[in-house]
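J.: What follows is query29.txt; its format and atoms are compact mmCIF, C-alpha atoms.
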```
# COMPACT_ATOMS: atom_id res chain seq x y z
CA GLY A 1 -51.69 27.67 131.17
CA PRO A 2 -54.62 25.32 130.45
CA VAL A 3 -52.46 22.54 128.99
CA ILE A 4 -48.79 23.16 129.80
CA THR A 5 -46.62 24.96 132.34
CA ARG A 6 -43.54 26.86 131.18
CA PHE A 7 -40.45 27.09 133.37
CA GLU A 8 -37.95 29.79 132.46
CA LEU A 9 -34.29 28.97 133.07
CA ASP A 10 -31.58 31.58 133.47
CA LEU A 11 -28.41 29.94 132.16
CA ALA A 12 -24.99 30.52 133.67
CA PRO A 13 -22.67 32.65 131.49
CA GLY A 14 -21.05 30.54 128.78
CA VAL A 15 -23.64 27.72 128.79
CA LYS A 16 -25.03 27.12 125.30
CA VAL A 17 -28.72 26.56 124.59
CA SER A 18 -27.94 23.55 122.41
CA LYS A 19 -26.76 21.72 125.54
CA ILE A 20 -30.27 21.88 127.00
CA SER A 21 -31.96 21.12 123.66
CA ASN A 22 -29.94 17.89 123.44
CA LEU A 23 -31.09 16.91 126.94
CA ALA A 24 -34.84 17.32 126.20
CA LYS A 25 -35.51 13.56 126.15
CA ASP A 26 -33.52 12.96 129.34
CA ILE A 27 -35.43 15.75 131.11
CA ALA A 28 -38.75 14.24 129.94
CA ARG A 29 -37.71 10.81 131.24
CA THR A 30 -36.56 12.17 134.61
CA LEU A 31 -39.80 14.13 135.08
CA SER A 32 -41.82 11.18 133.67
CA ALA A 33 -43.50 13.58 131.22
CA VAL A 34 -44.87 12.69 127.77
CA ALA A 35 -42.72 15.27 126.00
CA VAL A 36 -40.72 18.33 127.00
CA ARG A 37 -40.39 21.19 124.54
CA VAL A 38 -37.35 23.45 124.84
CA VAL A 39 -38.02 27.04 123.71
CA GLU A 40 -34.59 28.34 122.79
CA VAL A 41 -35.61 31.98 122.31
CA ILE A 42 -38.40 33.69 124.25
CA PRO A 43 -38.95 37.07 122.55
CA GLY A 44 -38.10 39.95 124.91
CA LYS A 45 -36.49 37.74 127.59
CA SER A 46 -32.99 36.38 128.19
CA TYR A 47 -34.27 33.01 129.44
CA VAL A 48 -34.67 29.55 127.97
CA GLY A 49 -38.15 28.01 128.27
CA LEU A 50 -39.01 24.45 129.30
CA GLU A 51 -42.62 23.52 128.52
CA LEU A 52 -44.02 20.60 130.52
CA PRO A 53 -47.51 19.13 130.03
CA ASN A 54 -49.93 19.49 132.96
CA LYS A 55 -51.17 16.29 134.63
CA HIS A 56 -54.79 17.35 134.02
CA ARG A 57 -55.35 19.36 130.88
CA GLU A 58 -58.26 21.78 130.60
CA VAL A 59 -60.44 21.85 127.51
CA VAL A 60 -60.57 25.31 125.94
CA GLN A 61 -64.22 25.85 124.94
CA LEU A 62 -65.05 28.07 121.97
CA SER A 63 -67.82 29.79 123.96
CA GLU A 64 -65.26 31.00 126.55
CA VAL A 65 -63.17 32.78 123.92
CA ILE A 66 -66.12 34.18 121.91
CA HIS A 67 -67.37 36.23 124.88
CA ARG A 68 -63.95 37.80 125.52
CA ASP A 69 -63.29 41.44 124.56
CA ALA A 70 -60.50 40.46 122.15
CA PHE A 71 -63.10 38.87 119.84
CA GLN A 72 -66.10 41.11 120.58
CA ASN A 73 -64.21 44.40 120.06
CA SER A 74 -62.39 43.37 116.89
CA GLN A 75 -63.53 45.48 113.92
CA SER A 76 -62.50 43.14 111.09
CA PRO A 77 -65.25 40.88 109.61
CA LEU A 78 -62.50 38.26 109.10
CA THR A 79 -61.65 37.87 112.80
CA MET A 80 -60.93 34.23 113.68
CA ILE A 81 -60.45 32.46 117.00
CA LEU A 82 -57.56 30.02 117.43
CA GLY A 83 -57.75 29.28 121.18
CA LYS A 84 -55.70 30.30 124.23
CA ASN A 85 -51.97 30.83 124.61
CA ILE A 86 -49.81 29.26 127.34
CA ALA A 87 -50.79 32.00 129.80
CA GLY A 88 -54.51 31.33 129.23
CA SER A 89 -55.20 34.56 127.27
CA PRO A 90 -57.39 34.27 124.14
CA VAL A 91 -55.62 34.19 120.77
CA VAL A 92 -57.68 36.02 118.13
CA VAL A 93 -56.29 36.64 114.63
CA ASP A 94 -57.34 38.64 111.58
CA LEU A 95 -57.42 36.71 108.28
CA ALA A 96 -57.29 39.99 106.32
CA LYS A 97 -53.75 40.62 107.63
CA MET A 98 -52.48 37.09 107.08
CA PRO A 99 -53.80 37.10 104.16
CA HIS A 100 -53.77 33.30 103.55
CA LEU A 101 -53.34 30.43 105.98
CA LEU A 102 -51.80 26.97 105.73
CA VAL A 103 -52.87 24.40 108.36
CA ALA A 104 -51.22 20.99 108.65
CA GLY A 105 -51.15 18.14 111.14
CA THR A 106 -51.51 14.37 111.30
CA THR A 107 -54.79 12.49 111.74
CA GLY A 108 -56.28 13.11 115.18
CA SER A 109 -54.18 16.18 115.94
CA GLY A 110 -57.25 18.45 116.10
CA LYS A 111 -56.86 20.00 112.66
CA SER A 112 -60.47 19.56 111.50
CA VAL A 113 -61.81 20.94 114.80
CA GLY A 114 -59.43 23.91 114.36
CA VAL A 115 -60.81 24.59 110.86
CA ASN A 116 -64.38 24.31 112.21
CA VAL A 117 -63.57 26.83 114.96
CA MET A 118 -62.22 29.27 112.35
CA ILE A 119 -65.34 28.92 110.18
CA LEU A 120 -67.68 29.29 113.18
CA SER A 121 -65.88 32.44 114.33
CA LEU A 122 -66.39 33.91 110.83
CA LEU A 123 -70.10 33.00 111.02
CA TYR A 124 -70.40 34.63 114.46
CA LYS A 125 -68.60 37.79 113.32
CA SER A 126 -69.92 38.53 109.86
CA THR A 127 -73.03 38.52 107.69
CA PRO A 128 -73.22 37.23 104.08
CA GLU A 129 -72.89 40.88 102.89
CA ASP A 130 -69.39 41.00 104.44
CA VAL A 131 -68.02 37.52 103.87
CA ARG A 132 -68.88 34.77 101.38
CA LEU A 133 -67.41 31.28 101.51
CA ILE A 134 -66.37 28.63 98.98
CA MET A 135 -65.81 25.26 100.67
CA ILE A 136 -63.91 22.42 99.02
CA ASP A 137 -64.15 19.12 100.87
CA PRO A 138 -62.70 15.99 99.21
CA LYS A 139 -63.54 13.91 102.34
CA MET A 140 -67.26 14.77 101.90
CA LEU A 141 -67.73 14.71 105.70
CA GLU A 142 -66.02 17.65 107.36
CA LEU A 143 -67.55 20.69 105.67
CA SER A 144 -70.80 19.22 104.34
CA VAL A 145 -72.55 20.25 107.60
CA TYR A 146 -72.39 23.86 106.37
CA GLU A 147 -74.46 23.07 103.25
CA GLY A 148 -77.26 25.61 102.86
CA ILE A 149 -75.96 28.54 104.95
CA PRO A 150 -76.43 31.95 103.24
CA HIS A 151 -72.67 32.68 103.30
CA LEU A 152 -71.93 30.05 100.63
CA LEU A 153 -71.28 31.14 97.02
CA THR A 154 -71.78 27.59 95.73
CA GLU A 155 -72.72 24.25 97.29
CA VAL A 156 -69.91 22.49 99.17
CA VAL A 157 -67.60 21.17 96.43
CA THR A 158 -66.70 17.48 96.71
CA ASP A 159 -65.69 16.68 93.10
CA MET A 160 -62.09 17.68 92.44
CA LYS A 161 -62.70 18.70 88.81
CA ASP A 162 -65.25 21.21 90.12
CA ALA A 163 -62.70 22.35 92.70
CA ALA A 164 -60.26 23.38 89.95
CA ASN A 165 -63.09 25.32 88.27
CA ALA A 166 -63.93 27.04 91.57
CA LEU A 167 -60.32 28.17 91.97
CA ARG A 168 -60.28 29.32 88.37
CA TRP A 169 -63.44 31.35 89.05
CA CYS A 170 -61.62 32.97 91.99
CA VAL A 171 -58.78 34.00 89.65
CA GLY A 172 -61.29 35.50 87.18
CA GLU A 173 -63.13 37.31 90.00
CA MET A 174 -59.81 38.61 91.34
CA GLU A 175 -58.92 40.08 87.92
CA ARG A 176 -62.41 41.62 87.60
CA ARG A 177 -62.10 43.24 91.03
CA TYR A 178 -58.67 44.63 90.17
CA LYS A 179 -60.09 46.24 87.01
CA LEU A 180 -62.94 47.79 89.03
CA MET A 181 -60.60 49.09 91.73
CA SER A 182 -58.21 50.45 89.13
CA ALA A 183 -61.08 52.26 87.35
CA LEU A 184 -62.24 53.82 90.65
CA GLY A 185 -58.68 54.72 91.68
CA VAL A 186 -58.70 52.78 94.98
CA ARG A 187 -56.07 50.43 96.35
CA ASN A 188 -58.04 47.74 98.14
CA LEU A 189 -61.49 46.28 98.71
CA LYS A 190 -62.11 48.41 101.82
CA GLY A 191 -61.50 51.62 99.84
CA TYR A 192 -63.69 50.36 96.99
CA ASN A 193 -66.63 49.53 99.29
CA ALA A 194 -66.31 52.87 101.10
CA LYS A 195 -66.46 54.72 97.76
CA VAL A 196 -69.48 52.73 96.52
CA VAL A 197 -71.41 53.24 99.78
CA ALA A 198 -70.55 56.97 99.91
CA ALA A 199 -71.76 57.47 96.31
CA LYS A 200 -75.04 55.63 97.08
CA GLU A 201 -75.65 57.73 100.19
CA ALA A 202 -75.02 60.90 98.18
CA GLY A 203 -77.75 59.78 95.76
CA GLU A 204 -75.36 59.34 92.81
CA PRO A 205 -74.65 55.60 92.58
CA LEU A 206 -71.58 54.68 90.52
CA LYS A 207 -72.02 52.83 87.21
CA ASP A 208 -69.94 49.79 86.31
CA PRO A 209 -66.90 51.21 84.44
CA ILE A 210 -65.86 47.90 82.82
CA TRP A 211 -69.34 46.95 81.52
CA LYS A 212 -69.64 46.44 77.76
CA PRO A 213 -72.87 46.15 75.73
CA GLY A 214 -73.50 42.43 75.28
CA ASP A 215 -72.21 41.52 78.77
CA SER A 216 -75.79 41.35 80.01
CA MET A 217 -79.36 41.96 78.85
CA ASP A 218 -79.32 45.52 80.22
CA GLU A 219 -78.97 48.46 77.87
CA MET A 220 -77.34 50.65 80.52
CA PRO A 221 -74.34 49.77 82.70
CA PRO A 222 -75.51 48.37 86.06
CA GLU A 223 -74.88 50.17 89.35
CA LEU A 224 -71.89 49.04 91.42
CA GLU A 225 -72.68 47.14 94.61
CA LYS A 226 -70.60 46.48 97.72
CA LEU A 227 -68.32 43.47 97.24
CA PRO A 228 -67.92 40.90 100.04
CA ASN A 229 -64.65 39.28 101.11
CA ILE A 230 -64.35 35.73 99.76
CA VAL A 231 -62.80 32.99 101.89
CA VAL A 232 -61.91 29.69 100.17
CA VAL A 233 -61.61 26.80 102.64
CA ILE A 234 -59.96 23.62 101.30
CA ASP A 235 -60.11 20.84 103.86
CA GLU A 236 -57.83 18.13 102.47
CA PHE A 237 -55.83 19.70 99.78
CA ALA A 238 -53.33 16.82 99.41
CA ASP A 239 -56.18 14.86 97.83
CA MET A 240 -56.80 17.69 95.40
CA MET A 241 -53.11 17.90 94.46
CA MET A 242 -53.07 14.14 93.74
CA ILE A 243 -56.11 14.25 91.45
CA VAL A 244 -55.76 17.59 89.65
CA GLY A 245 -52.06 18.20 90.30
CA LYS A 246 -49.93 20.96 88.86
CA LYS A 247 -52.85 23.06 87.64
CA VAL A 248 -54.26 23.47 91.17
CA GLU A 249 -50.84 24.38 92.54
CA GLU A 250 -50.48 27.16 89.97
CA LEU A 251 -54.01 28.47 90.58
CA ILE A 252 -53.41 28.53 94.35
CA ALA A 253 -50.08 30.31 93.83
CA ARG A 254 -51.71 32.88 91.56
CA ILE A 255 -54.49 33.62 94.07
CA ALA A 256 -52.00 33.72 96.97
CA GLN A 257 -49.72 36.17 95.15
CA LYS A 258 -52.29 38.74 94.15
CA ALA A 259 -55.66 38.28 95.80
CA ARG A 260 -55.09 40.11 99.10
CA ALA A 261 -56.15 43.56 97.91
CA ALA A 262 -59.13 42.03 96.08
CA GLY A 263 -60.42 40.53 99.35
CA ILE A 264 -59.99 36.84 98.44
CA HIS A 265 -58.38 34.66 101.12
CA LEU A 266 -57.34 30.99 101.24
CA ILE A 267 -57.39 28.57 104.18
CA LEU A 268 -55.62 25.35 103.14
CA ALA A 269 -55.64 22.33 105.46
CA THR A 270 -53.83 19.05 104.90
CA GLN A 271 -53.02 15.87 106.82
CA ARG A 272 -49.96 15.11 104.76
CA PRO A 273 -47.30 17.74 105.40
CA SER A 274 -44.85 16.35 102.82
CA VAL A 275 -42.84 18.30 100.26
CA ASP A 276 -44.89 17.12 97.27
CA VAL A 277 -48.06 18.60 98.84
CA ILE A 278 -46.75 21.72 100.57
CA THR A 279 -44.50 22.71 97.68
CA GLY A 280 -42.00 25.58 97.66
CA LEU A 281 -44.32 27.56 95.39
CA ILE A 282 -47.21 27.34 97.88
CA LYS A 283 -44.99 28.01 100.93
CA ALA A 284 -43.41 31.08 99.35
CA ASN A 285 -46.84 32.66 98.86
CA ILE A 286 -48.48 31.66 102.16
CA PRO A 287 -46.37 33.03 105.01
CA THR A 288 -48.87 32.37 107.84
CA ARG A 289 -48.89 28.74 108.98
CA ILE A 290 -50.31 26.61 111.74
CA ALA A 291 -48.76 23.25 112.65
CA PHE A 292 -50.68 20.78 114.77
CA GLN A 293 -48.92 17.67 116.03
CA VAL A 294 -46.84 15.94 113.34
CA SER A 295 -44.93 12.68 113.39
CA SER A 296 -41.38 13.85 112.65
CA LYS A 297 -38.98 16.78 112.61
CA VAL A 298 -38.93 16.65 108.81
CA ASP A 299 -42.69 17.28 108.64
CA SER A 300 -42.38 20.12 111.14
CA ARG A 301 -39.65 21.69 109.00
CA THR A 302 -41.85 21.34 105.91
CA ILE A 303 -44.61 23.40 107.53
CA LEU A 304 -42.81 25.86 109.81
CA ASP A 305 -39.24 25.73 108.41
CA GLN A 306 -38.13 24.69 111.92
CA PRO A 307 -38.58 21.69 114.23
CA GLY A 308 -40.91 21.74 117.25
CA ALA A 309 -44.30 20.55 116.00
CA GLU A 310 -43.33 16.91 116.59
CA GLN A 311 -43.23 17.63 120.38
CA LEU A 312 -46.80 18.94 120.58
CA LEU A 313 -49.38 17.03 122.63
CA GLY A 314 -52.16 16.59 120.03
CA GLN A 315 -55.87 17.33 120.55
CA GLY A 316 -55.66 20.93 119.35
CA ASP A 317 -52.15 21.79 120.59
CA MET A 318 -50.60 23.95 117.84
CA LEU A 319 -47.76 26.23 116.83
CA TYR A 320 -48.95 29.38 115.07
CA LEU A 321 -46.46 31.24 112.89
CA PRO A 322 -47.80 34.80 112.49
CA PRO A 323 -47.12 36.77 109.29
CA GLY A 324 -43.74 38.52 109.31
CA SER A 325 -42.49 36.60 112.35
CA GLY A 326 -39.82 33.93 112.54
CA SER A 327 -40.80 32.45 115.90
CA PRO A 328 -44.00 30.42 116.30
CA VAL A 329 -46.44 30.96 119.19
CA ARG A 330 -47.80 27.95 121.07
CA VAL A 331 -51.61 27.98 121.16
CA HIS A 332 -54.09 25.50 122.63
CA GLY A 333 -56.90 25.26 120.10
CA ALA A 334 -60.50 25.88 121.14
CA PHE A 335 -62.81 22.87 121.04
CA VAL A 336 -66.26 22.91 119.46
CA ASP A 337 -68.76 20.07 119.60
CA ASP A 338 -70.74 18.82 116.58
CA HIS A 339 -74.07 19.84 118.10
CA GLU A 340 -72.78 23.43 118.51
CA VAL A 341 -71.85 23.52 114.82
CA HIS A 342 -75.31 22.20 113.86
CA ALA A 343 -76.99 24.79 116.09
CA VAL A 344 -75.13 27.70 114.45
CA VAL A 345 -75.81 26.32 110.95
CA ALA A 346 -79.53 25.85 111.71
CA ASP A 347 -79.75 29.42 113.02
CA TRP A 348 -78.19 30.86 109.83
CA LYS A 349 -80.44 28.70 107.62
CA LYS A 350 -83.48 30.27 109.32
CA ARG A 351 -82.21 33.75 108.46
CA GLY A 352 -81.95 33.25 104.72
CA LYS A 353 -81.31 31.02 101.73
CA PRO A 354 -77.95 30.89 99.94
CA ASN A 355 -77.63 32.65 96.60
CA TYR A 356 -75.51 30.20 94.58
CA LEU A 357 -73.60 31.31 91.48
CA GLU A 358 -73.84 28.76 88.64
CA GLU A 359 -70.67 29.87 86.86
CA ILE A 360 -68.33 28.93 89.74
CA LEU A 361 -68.42 25.21 88.91
CA SER A 362 -69.19 25.41 85.18
CA GLY A 363 -65.63 26.24 84.15
CA ASP A 364 -66.35 28.99 81.58
CA GLN A 365 -64.41 31.79 83.23
CA GLY A 366 -63.15 33.82 80.28
CA GLU A 367 -59.63 34.83 79.30
CA ASP A 368 -58.56 36.41 82.62
CA ALA A 369 -58.77 33.18 84.58
CA LEU A 370 -56.37 31.24 82.35
CA LEU A 371 -52.89 30.36 83.53
CA PRO A 372 -49.91 31.46 81.41
CA GLY A 373 -49.63 29.20 78.35
CA GLU A 374 -53.06 27.68 78.92
CA GLN A 375 -55.68 27.73 76.19
CA GLN A 376 -59.35 28.45 76.73
CA GLU A 377 -61.03 25.06 77.19
CA MET A 378 -64.20 25.79 75.33
CA ASP A 379 -63.80 24.83 71.68
CA GLU A 380 -60.42 26.49 71.36
CA ALA A 381 -59.57 24.48 68.27
CA GLU A 382 -62.95 25.11 66.66
CA SER A 383 -62.15 28.79 66.91
CA ASP A 384 -58.84 28.01 65.14
CA PRO A 385 -59.08 29.66 61.71
CA LEU A 386 -57.73 26.45 60.08
CA TYR A 387 -60.22 24.09 61.77
CA ASP A 388 -62.79 24.02 58.94
CA GLU A 389 -60.09 23.57 56.30
CA ALA A 390 -58.52 20.76 58.34
CA VAL A 391 -61.91 18.97 58.60
CA ALA A 392 -62.41 19.33 54.82
CA PHE A 393 -58.89 17.94 54.17
CA VAL A 394 -59.39 14.96 56.51
CA THR A 395 -62.85 14.01 55.17
CA GLU A 396 -61.62 14.41 51.57
CA THR A 397 -58.59 12.12 52.02
CA GLN A 398 -60.31 9.84 54.61
CA ARG A 399 -56.99 9.64 56.47
CA VAL A 400 -55.97 11.51 59.59
CA SER A 401 -52.78 11.99 61.55
CA VAL A 402 -51.26 14.91 63.41
CA SER A 403 -48.23 14.92 61.11
CA SER A 404 -50.37 15.08 57.93
CA VAL A 405 -52.27 18.10 59.33
CA GLN A 406 -48.90 19.64 60.26
CA ARG A 407 -47.47 19.14 56.75
CA LYS A 408 -50.59 20.23 54.89
CA PHE A 409 -51.08 23.50 56.80
CA ARG A 410 -47.45 24.11 57.83
CA ILE A 411 -48.26 24.52 61.52
CA GLY A 412 -46.58 23.36 64.74
CA TYR A 413 -47.20 20.00 66.41
CA ASN A 414 -49.15 21.41 69.39
CA ARG A 415 -51.62 23.30 67.23
CA ALA A 416 -52.13 20.33 64.90
CA ALA A 417 -52.64 17.97 67.86
CA ARG A 418 -55.24 20.33 69.34
CA ILE A 419 -57.14 20.45 66.04
CA VAL A 420 -57.14 16.62 65.79
CA GLU A 421 -58.28 16.28 69.43
CA GLN A 422 -61.11 18.72 68.75
CA MET A 423 -62.13 16.65 65.70
CA GLU A 424 -62.26 13.61 68.00
CA MET A 425 -64.47 15.49 70.49
CA SER A 426 -66.74 16.64 67.66
CA GLY A 427 -67.05 13.06 66.34
CA VAL A 428 -65.25 13.70 63.02
CA VAL A 429 -62.51 11.13 63.77
CA SER A 430 -62.24 8.18 66.17
CA SER A 431 -59.98 8.02 69.22
CA ALA A 432 -56.45 6.68 68.69
CA GLY A 433 -56.15 2.87 68.66
CA ASN A 434 -53.32 0.78 70.13
CA ASN A 435 -51.02 1.65 67.24
CA GLY A 436 -51.95 5.35 67.37
CA GLN A 437 -54.05 5.17 64.17
CA ARG A 438 -57.37 7.02 63.97
CA ASP A 439 -60.29 6.33 61.60
CA VAL A 440 -62.26 9.09 59.91
CA LEU A 441 -65.90 8.72 60.96
CA ALA A 442 -67.37 11.58 58.90
CA PRO A 443 -68.34 10.76 55.27
CA ARG A 444 -66.67 12.36 52.25
CA PRO A 445 -68.18 15.74 51.35
CA PRO A 446 -70.50 15.51 48.28
CA ARG A 447 -68.82 16.66 45.06
CA ASP A 448 -70.34 19.65 43.25
```
Please go through the file and, once you have read it, give me the structure as structure tokens.

T.:
Amino acid sequence: GPVITRFELDLAPGVKVSKISNLAKDIARTLSAVAVRVVEVIPGKSYVGLELPNKHREVVQLSEVIHRDAFQNSQSPLTMILGKNIAGSPVVVDLAKMPHLLVAGTTGSGKSVGVNVMILSLLYKSTPEDVRLIMIDPKMLELSVYEGIPHLLTEVVTDMKDAANALRWCVGEMERRYKLMSALGVRNLKGYNAKVVAAKEAGEPLKDPIWKPGDSMDEMPPELEKLPNIVVVIDEFADMMMIVGKKVEELIARIAQKARAAGIHLILATQRPSVDVITGLIKANIPTRIAFQVSSKVDSRTILDQPGAEQLLGQGDMLYLPPGSGSPVRVHGAFVDDHEVHAVVADWKKRGKPNYLEEILSGDQGEDALLPGEQQEMDEAESDPLYDEAVAFVTETQRVSVSSVQRKFRIGYNRAARIVEQMEMSGVVSSAGNNGQRDVLAPRPPRD
């Protein structure tokens, strides 16, 4: 292949594979190679594989793979290029079948280039009518080059609070799409789009079945339009987990569990393949994984549930674990230069302007987007039927504490604390001091 050569060994009867696995370092030393990877099981063959790095490695260019039939003849708008396998054949995958992807590898392993190659292959394959993108980039460098392409649903997100809102919008959009598909009696986005297009061509466009008066300024329900696939690309999601934490993990898990039929797909990339970032909840819901070079067996196990990624050669060398398969495939990632990325972005910018949706980052997503046990953020306590009475009680007595509100109205601690917090946000009471005491800022109500 372009980067390594695989030798296949036929073992004598009775010789165990583990014997050769234990000798991997000795073999590497004897052959003066950087690293030797032992492939214990080669699907469909009775041999053991020994993978040795070539003295001169070839660079796999993206342009080589793009012109191959495997990419050109693929029907799916979500076709992505990974690179070439060890035999030099192109490796082209379909994100719709994955349906979500987890990418991990240490700094300098070629992970960011790999993510760029995936995004570029989507831009080559599909128009904004087919695929829309949400990009979340805590590093502010990697994905900001795509700012302004017509595929984007919102500008590239760099603030992590906005990132949580963007994921919450995806959950709300997923629920809305499920309601639409349920009302039309179809099982996935492809069936939904086919039905909408067929009705338009027949001259009887379908009306929105879940529209209610008051949802918009229109007096009649709007016509249904084709819905695009949505791909959410998160470049360094360890950073996001550190800042926003548990909430993001639950939102990602919720999207990963349900969003496939609704046409929403996640690509998560991280440099820190540790257990607190790639948690069990995320791994259980994202079966397709790519491991670039990592530093230890433990990290490799965290990503792929098996060792092997620590013996990769870096610079785009990866193990790709396809959905529904237990054995990873070794792929040499395609390389794309910065000027190529800029050229593709400039070409798309000429073709049209992006149509950004304001509500993605604003955070007001409605009931559907809330996690179990989570309250609506917008003035939830003000909508509490006891809020006005509690304000009257506090301003009358000029004293405030959560326990006094609890006792007066016979409610639970959580509800009372929410009411007091809302009073603080509304400026009725001050924030808690060092001793936990709050002052009432609002004057006493005038007596009749």

J.: Taking a cut-off of 12 Å and counting all atoms listed in the file, can you build a table that, for each residue of range 26-80 of chain A near range 256-278 of chain A, reports the nearest atom pair and how far apart they are in Å (one decimal), sorted by chain then residue number, as CSV?

T.:
```
residue,atom,partner,partner_atom,distance
A:Pro77,CA,A:Gly263,CA,11.3
A:Leu78,CA,A:His265,CA,9.7
A:Met80,CA,A:Ile267,CA,11.6
```

J.: Okay, now the selection with C-alpha atoms, as a PDB file, in the frame of the given file?

T.:
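Everything below was put into result-v6.pdb:
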```pdb
ATOM      1  CA  PRO A  77     -65.250  40.880 109.610  1.00  0.00           C
ATOM      2  CA  LEU A  78     -62.500  38.260 109.100  1.00  0.00           C
ATOM      3  CA  MET A  80     -60.930  34.230 113.680  1.00  0.00           C
TER       4      MET A  80
END
```

J.: Just give me the gap between CA of Tyr124 in chain A and CA of Val3 in chain A in Å, one decimal is fine.

T.: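 Those two atoms sit 26.1 Å apart.
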
J.: Kindly indicate which residue among A:Leu227, A:Leu52, A:Ala87, A:Val402 lies nearest to Ala390 in chain A, using all atoms listed in the file for the distances.

T.: A:Val402

J.: Using all atoms listed in the file, which of the listed residues (A:Phe7, A:Leu102, A:Ser126, A:Glu173) sits closest to Ile42 in chain A?

T.: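 Of the candidates, the smallest distance to Ile42 in chain A is held by A:Phe7.
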
J.: With distances taken over all atoms listed in the file, which residue among A:Ser144, A:Ser46, A:Ser182, A:Thr158 lies nearest Met240 in chain A?

T.: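 Smallest separation from Met240 in chain A among the options: A:Thr158.
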
J.: Name all residues at most 10 Å from Gln398 in chain A (count only C-alpha atoms; drop same-chain ones fewer than 6 positions away) and give them as an MDAnalysis selection string.

T.: chainID A and resid 392 429 439:444

J.: Record the distance separating CA of Val145 in chain A and CA of Asp338 in chain A, expressed in Å with one decimal.

T.: 9.3 Å

J.: Closest to Met160 in chain A among A:Gly352, A:Gly427, A:Gly245, A:Gly14, using only C-alpha atoms?

T.: A:Gly245

J.: Using 6 Å of padding on each side, determine the axis-aligned box around all atoms of range 240-251 of chain A present in the file and give its centre and edge lengths in Å to one decimal, as JSON.

T.:
```
{"center_x": -53.4, "center_y": 21.3, "center_z": 91.5, "size_x": 18.9, "size_y": 26.3, "size_z": 19.8}
```

J.: For Glu340 in chain A, which residue among A:Val103, A:Ile419, A:Val59, A:Val113 is the nearest when counting only C-alpha atoms?

T.: A:Val113

J.: Taking (-52.3, 22.5, 54.3) in the coordinates of the supplied file, I want to know which residues reach to within 9 Å of it, counting all atoms listed in the file; could you give the answer as a PyMOL selection string?

T.: chain A and resi 386+389-390+393+404-411

J.: Quick one, how far is CA of Glu64 in chain A from CA of Val115 in chain A?

T.: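 Between CA of Glu64 in chain A and CA of Val115 in chain A the gap is 17.5 Å.
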
J.: Need to verify the contact set: Asn116 in chain A, 12 Å, all atoms listed in the file, exclusion of same-chain residues closer than 6 positions in sequence. Can you return it as number ranges by chain?

T.: A: 62, 80-82, 110, 122-123, 135, 142-146, 233-235, 267, 269, 316, 333-338, 340-342, 344-345

J.: Counting all atoms listed in the file, note down every residue that has an atom within 10 Å of the point (-66.2, 18.2, 65.2) (file coordinates), as a PDB file with C-alpha atoms, keeping the file's coordinate frame.

T.:
```
ATOM      1  CA  ASP A 379     -63.800  24.830  71.680  1.00  0.00           C
ATOM      2  CA  ALA A 381     -59.570  24.480  68.270  1.00  0.00           C
ATOM      3  CA  GLU A 382     -62.950  25.110  66.660  1.00  0.00           C
ATOM      4  CA  TYR A 387     -60.220  24.090  61.770  1.00  0.00           C
ATOM      5  CA  ASP A 388     -62.790  24.020  58.940  1.00  0.00           C
ATOM      6  CA  VAL A 391     -61.910  18.970  58.600  1.00  0.00           C
ATOM      7  CA  ILE A 419     -57.140  20.450  66.040  1.00  0.00           C
ATOM      8  CA  VAL A 420     -57.140  16.620  65.790  1.00  0.00           C
ATOM      9  CA  GLU A 421     -58.280  16.280  69.430  1.00  0.00           C
ATOM     10  CA  GLN A 422     -61.110  18.720  68.750  1.00  0.00           C
ATOM     11  CA  MET A 423     -62.130  16.650  65.700  1.00  0.00           C
ATOM     12  CA  GLU A 424     -62.260  13.610  68.000  1.00  0.00           C
ATOM     13  CA  MET A 425     -64.470  15.490  70.490  1.00  0.00           C
ATOM     14  CA  SER A 426     -66.740  16.640  67.660  1.00  0.00           C
ATOM     15  CA  GLY A 427     -67.050  13.060  66.340  1.00  0.00           C
ATOM     16  CA  VAL A 428     -65.250  13.700  63.020  1.00  0.00           C
ATOM     17  CA  VAL A 429     -62.510  11.130  63.770  1.00  0.00           C
ATOM     18  CA  ALA A 442     -67.370  11.580  58.900  1.00  0.00           C
TER      19      ALA A 442
END
```

J.: Given all atoms listed in the file as the basis, pick out the residue of A:Ala343, A:Val248, A:Arg68, A:Val197 nearest to Glu225 in chain A.

T.: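 Comparing A:Ala343, A:Val248, A:Arg68, A:Val197 against Glu225 in chain A, the winner is A:Val197.
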
J.: Report as an mmCIF file with C-alpha atoms, in the coordinates of the input all protein, DNA and RNA residues lying within 10 Å of Pro222 in chain A, evaluated on all atoms listed in the file, omitting residues in the same chain fewer than 6 positions from it.

T.:
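So the final result, stored in out.cif, reads:
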```cif
data_model
loop_
_atom_site.group_PDB
_atom_site.id
_atom_site.type_symbol
_atom_site.label_atom_id
_atom_site.label_comp_id
_atom_site.auth_asym_id
_atom_site.auth_seq_id
_atom_site.Cartn_x
_atom_site.Cartn_y
_atom_site.Cartn_z
ATOM 1 C CA PRO A 205 -74.650 55.600 92.580
ATOM 2 C CA LEU A 206 -71.580 54.680 90.520
ATOM 3 C CA LYS A 207 -72.020 52.830 87.210
ATOM 4 C CA ASP A 208 -69.940 49.790 86.310
ATOM 5 C CA PRO A 209 -66.900 51.210 84.440
ATOM 6 C CA TRP A 211 -69.340 46.950 81.520
ATOM 7 C CA SER A 216 -75.790 41.350 80.010
#
```
